[in-house]
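final_34.csv (CSV, N, CA and C atoms)
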```csv
chain,number,residue,atom,x,y,z
A,3,MET,N,0.8,-1.2,0.0
A,3,MET,CA,0.0,0.0,0.0
A,3,MET,C,0.9,1.2,0.0
A,4,ALA,N,1.9,1.3,0.8
A,4,ALA,CA,2.8,2.4,0.9
A,4,ALA,C,3.6,2.6,-0.5
A,5,LYS,N,3.9,1.5,-1.1
A,5,LYS,CA,4.6,1.6,-2.4
A,5,LYS,C,3.7,2.2,-3.5
A,6,GLU,N,2.4,1.9,-3.4
A,6,GLU,CA,1.4,2.4,-4.4
A,6,GLU,C,1.3,3.9,-4.2
A,7,GLN,N,1.3,4.4,-2.9
A,7,GLN,CA,1.2,5.8,-2.7
A,7,GLN,C,2.5,6.5,-3.1
A,8,ALA,N,3.6,5.9,-2.9
A,8,ALA,CA,4.9,6.5,-3.4
A,8,ALA,C,4.9,6.6,-4.9
A,9,ASN,N,4.4,5.5,-5.6
A,9,ASN,CA,4.3,5.6,-7.0
A,9,ASN,C,3.4,6.7,-7.5
A,10,LYS,N,2.3,6.8,-6.8
A,10,LYS,CA,1.3,7.9,-7.2
A,10,LYS,C,1.9,9.3,-7.0
A,11,LYS,N,2.6,9.5,-5.9
A,11,LYS,CA,3.3,10.8,-5.7
A,11,LYS,C,4.4,11.0,-6.7
A,12,SER,N,5.1,9.9,-7.0
A,12,SER,CA,6.2,10.1,-8.0
A,12,SER,C,5.6,10.3,-9.4
A,13,GLY,N,4.5,9.7,-9.7
A,13,GLY,CA,3.8,9.9,-11.0
A,13,GLY,C,3.3,11.3,-11.1
A,14,PHE,N,2.7,11.8,-10.0
A,14,PHE,CA,2.2,13.1,-9.9
A,14,PHE,C,3.3,14.1,-10.2
A,15,LYS,N,4.4,13.9,-9.5
A,15,LYS,CA,5.6,14.8,-9.7
A,15,LYS,C,6.1,14.8,-11.1
A,16,GLU,N,6.2,13.6,-11.7
A,16,GLU,CA,6.7,13.5,-13.0
A,16,GLU,C,5.7,14.1,-14.0
A,17,TYR,N,4.5,14.0,-13.8
A,17,TYR,CA,3.5,14.7,-14.6
A,17,TYR,C,3.7,16.2,-14.7
A,18,PHE,N,3.8,16.8,-13.5
A,18,PHE,CA,4.0,18.2,-13.5
A,18,PHE,C,5.4,18.7,-14.0
A,19,LYS,N,6.4,17.8,-13.8
A,19,LYS,CA,7.7,18.1,-14.4
A,19,LYS,C,7.5,18.1,-16.0
A,20,GLY,N,6.8,17.2,-16.5
A,20,GLY,CA,6.5,17.1,-17.9
A,20,GLY,C,5.8,18.3,-18.4
A,21,VAL,N,4.8,18.7,-17.6
A,21,VAL,CA,4.0,19.9,-18.0
A,21,VAL,C,4.9,21.1,-18.1
A,22,LYS,N,5.8,21.3,-17.1
A,22,LYS,CA,6.7,22.4,-17.0
A,22,LYS,C,7.6,22.4,-18.3
A,23,VAL,N,8.1,21.2,-18.6
A,23,VAL,CA,9.0,21.1,-19.8
A,23,VAL,C,8.3,21.5,-21.0
A,24,GLU,N,7.0,21.0,-21.2
A,24,GLU,CA,6.3,21.3,-22.4
A,24,GLU,C,5.9,22.8,-22.5
A,25,MET,N,5.6,23.4,-21.3
A,25,MET,CA,5.2,24.8,-21.3
A,25,MET,C,6.4,25.7,-21.8
A,26,LYS,N,7.6,25.2,-21.5
A,26,LYS,CA,8.8,26.0,-22.0
A,26,LYS,C,8.9,26.0,-23.5
A,27,LYS,N,8.3,25.0,-24.2
A,27,LYS,CA,8.4,24.8,-25.6
A,27,LYS,C,7.3,25.6,-26.3
A,28,VAL,N,6.3,26.1,-25.6
A,28,VAL,CA,5.2,26.9,-26.2
A,28,VAL,C,5.7,28.2,-26.7
A,29,VAL,N,5.3,28.5,-27.9
A,29,VAL,CA,5.6,29.8,-28.5
A,29,VAL,C,4.3,30.7,-28.4
A,30,TRP,N,4.3,31.6,-27.5
A,30,TRP,CA,3.2,32.4,-27.2
A,30,TRP,C,3.0,33.5,-28.3
A,31,PRO,N,1.8,33.9,-28.7
A,31,PRO,CA,1.6,34.9,-29.7
A,31,PRO,C,2.0,36.3,-29.1
A,32,THR,N,2.4,37.2,-30.0
A,32,THR,CA,2.7,38.5,-29.6
A,32,THR,C,1.4,39.3,-29.4
A,33,LYS,N,1.5,40.5,-28.8
A,33,LYS,CA,0.3,41.3,-28.6
A,33,LYS,C,-0.4,41.6,-29.9
A,34,LYS,N,0.3,41.9,-30.9
A,34,LYS,CA,-0.3,42.3,-32.2
A,34,LYS,C,-1.0,41.0,-32.8
A,35,GLU,N,-0.4,39.9,-32.7
A,35,GLU,CA,-1.0,38.7,-33.2
A,35,GLU,C,-2.3,38.4,-32.4
A,36,MET,N,-2.2,38.5,-31.1
A,36,MET,CA,-3.4,38.3,-30.2
A,36,MET,C,-4.6,39.2,-30.6
A,37,VAL,N,-4.3,40.5,-30.8
A,37,VAL,CA,-5.3,41.4,-31.2
A,37,VAL,C,-5.9,41.0,-32.6
A,38,SER,N,-5.1,40.6,-33.5
A,38,SER,CA,-5.5,40.1,-34.8
A,38,SER,C,-6.4,38.9,-34.7
A,39,TYR,N,-6.0,37.9,-33.9
A,39,TYR,CA,-6.7,36.7,-33.7
A,39,TYR,C,-8.1,37.0,-33.0
A,40,THR,N,-8.1,37.9,-32.1
A,40,THR,CA,-9.3,38.2,-31.4
A,40,THR,C,-10.3,38.9,-32.3
A,41,ALA,N,-9.8,39.7,-33.2
A,41,ALA,CA,-10.7,40.4,-34.2
A,41,ALA,C,-11.3,39.4,-35.1
A,42,VAL,N,-10.5,38.4,-35.5
A,42,VAL,CA,-11.0,37.4,-36.4
A,42,VAL,C,-12.1,36.5,-35.7
A,43,VAL,N,-11.9,36.2,-34.5
A,43,VAL,CA,-12.9,35.4,-33.8
A,43,VAL,C,-14.2,36.2,-33.6
A,44,ILE,N,-14.1,37.5,-33.2
A,44,ILE,CA,-15.3,38.3,-33.0
A,44,ILE,C,-16.0,38.5,-34.4
A,45,ALA,N,-15.3,38.7,-35.5
A,45,ALA,CA,-15.9,38.9,-36.8
A,45,ALA,C,-16.6,37.6,-37.2
A,46,THR,N,-15.9,36.5,-37.0
A,46,THR,CA,-16.5,35.2,-37.3
A,46,THR,C,-17.8,34.9,-36.5
A,47,CYS,N,-17.8,35.2,-35.3
A,47,CYS,CA,-19.0,35.1,-34.4
A,47,CYS,C,-20.1,36.0,-34.9
A,48,ALA,N,-19.8,37.2,-35.3
A,48,ALA,CA,-20.8,38.1,-35.8
A,48,ALA,C,-21.4,37.6,-37.1
A,49,VAL,N,-20.6,37.1,-38.0
A,49,VAL,CA,-21.1,36.6,-39.3
A,49,VAL,C,-22.0,35.4,-39.0
A,50,PHE,N,-21.6,34.5,-38.2
A,50,PHE,CA,-22.4,33.3,-37.9
A,50,PHE,C,-23.7,33.7,-37.2
A,51,ALA,N,-23.7,34.7,-36.3
A,51,ALA,CA,-24.9,35.1,-35.6
A,51,ALA,C,-25.8,35.7,-36.6
A,52,LEU,N,-25.3,36.6,-37.5
A,52,LEU,CA,-26.2,37.2,-38.5
A,52,LEU,C,-26.8,36.1,-39.4
A,53,GLY,N,-26.0,35.1,-39.8
A,53,GLY,CA,-26.5,34.0,-40.6
A,53,GLY,C,-27.6,33.2,-40.0
A,54,PHE,N,-27.4,32.9,-38.7
A,54,PHE,CA,-28.4,32.1,-38.0
A,54,PHE,C,-29.7,32.9,-37.8
A,55,TRP,N,-29.5,34.2,-37.6
A,55,TRP,CA,-30.7,35.1,-37.5
A,55,TRP,C,-31.5,35.2,-38.8
A,56,LEU,N,-30.7,35.3,-39.9
A,56,LEU,CA,-31.4,35.3,-41.2
A,56,LEU,C,-32.1,34.0,-41.5
A,57,ILE,N,-31.5,32.9,-41.2
A,57,ILE,CA,-32.1,31.6,-41.4
A,57,ILE,C,-33.3,31.4,-40.5
A,58,ASP,N,-33.2,31.8,-39.3
A,58,ASP,CA,-34.4,31.7,-38.3
A,58,ASP,C,-35.5,32.6,-38.8
A,59,THR,N,-35.2,33.8,-39.2
A,59,THR,CA,-36.3,34.7,-39.7
A,59,THR,C,-36.9,34.1,-41.0
A,60,GLY,N,-36.2,33.6,-41.9
A,60,GLY,CA,-36.7,33.0,-43.1
A,60,GLY,C,-37.6,31.8,-42.8
A,61,VAL,N,-37.1,30.9,-41.9
A,61,VAL,CA,-37.9,29.7,-41.6
A,61,VAL,C,-39.2,30.2,-40.9
A,62,LEU,N,-39.2,31.2,-40.0
A,62,LEU,CA,-40.4,31.6,-39.3
A,62,LEU,C,-41.3,32.2,-40.3
A,63,ALA,N,-40.8,33.0,-41.3
A,63,ALA,CA,-41.7,33.6,-42.3
A,63,ALA,C,-42.3,32.5,-43.2
A,64,ALA,N,-41.6,31.5,-43.5
A,64,ALA,CA,-42.1,30.4,-44.3
A,64,ALA,C,-43.2,29.7,-43.5
A,65,LEU,N,-43.0,29.4,-42.3
A,65,LEU,CA,-44.0,28.7,-41.5
A,65,LEU,C,-45.3,29.6,-41.3
A,66,LYS,N,-45.1,30.9,-41.1
A,66,LYS,CA,-46.3,31.7,-41.0
A,66,LYS,C,-47.1,31.7,-42.3
A,67,SER,N,-46.4,31.7,-43.4
A,67,SER,CA,-47.2,31.8,-44.7
A,67,SER,C,-47.8,30.4,-45.0
A,68,VAL,N,-47.1,29.3,-44.7
A,68,VAL,CA,-47.6,28.0,-45.0
A,68,VAL,C,-48.8,27.6,-44.1
A,69,LEU,N,-48.6,28.0,-42.8
A,69,LEU,CA,-49.6,27.6,-41.8
A,69,LEU,C,-50.7,28.6,-41.6
A,70,ASN,N,-50.6,29.8,-42.2
A,70,ASN,CA,-51.5,30.9,-42.0
A,70,ASN,C,-51.7,31.2,-40.5
A,71,ILE,N,-50.6,31.5,-39.8
A,71,ILE,CA,-50.7,31.8,-38.4
A,71,ILE,C,-50.0,33.1,-38.2
A,72,THR,N,-50.4,33.8,-37.1
A,72,THR,CA,-49.8,35.0,-36.7
A,72,THR,C,-49.2,34.8,-35.3
A,73,LEU,N,-48.1,35.3,-35.0
A,73,LEU,CA,-47.5,35.2,-33.7
A,73,LEU,C,-47.5,36.6,-33.1
A,74,ASN,N,-48.0,36.7,-31.8
A,74,ASN,CA,-48.0,38.0,-31.1
A,74,ASN,C,-46.8,38.1,-30.2
```
With the file now loaded, output its structure as structure tokens.
Amino acid sequence: MAKEQANKKSGFKEYFKGVKVEMKKVVWPTKKEMVSYTAVVIATCAVFALGFWLIDTGVLAALKSVLNITLN
């Protein structure tokens, strides 16, 4: 039982050592790149939101005309 706990502690330590080593390999984006990436994400979200809104409005209009209903 004590050996299992020692292996778990050792495994835990090794895991975080590995994480530390891998984090040193990460190439972080510059501030300019981050602003650019953020703008792309916001623009993409806006385009998709507009697209979903248009599709939703079209489907609702089609249902209203086909079923002759009004929504208040």
Query raised in the report: Could you pull out all residues of chain A with a DSSP call of helix (DSSP H, G or I) and give them as a ChimeraX atom specification?
Result: /A:4-27,33-69
Report task. Figure out the distance between CA of Thr72 in chain A and CA of Gly60 in chain A, please, to one decimal in Å. Result -> 14.7 Å
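Between atom C of Ile44 in chain A and atom C of Asp58 in chain A there is a distance of 20.8 Å.
Reported to one decimal place, the separation of atom C of Tyr17 in chain A from atom C of Thr32 in chain A is 27.5 Å.
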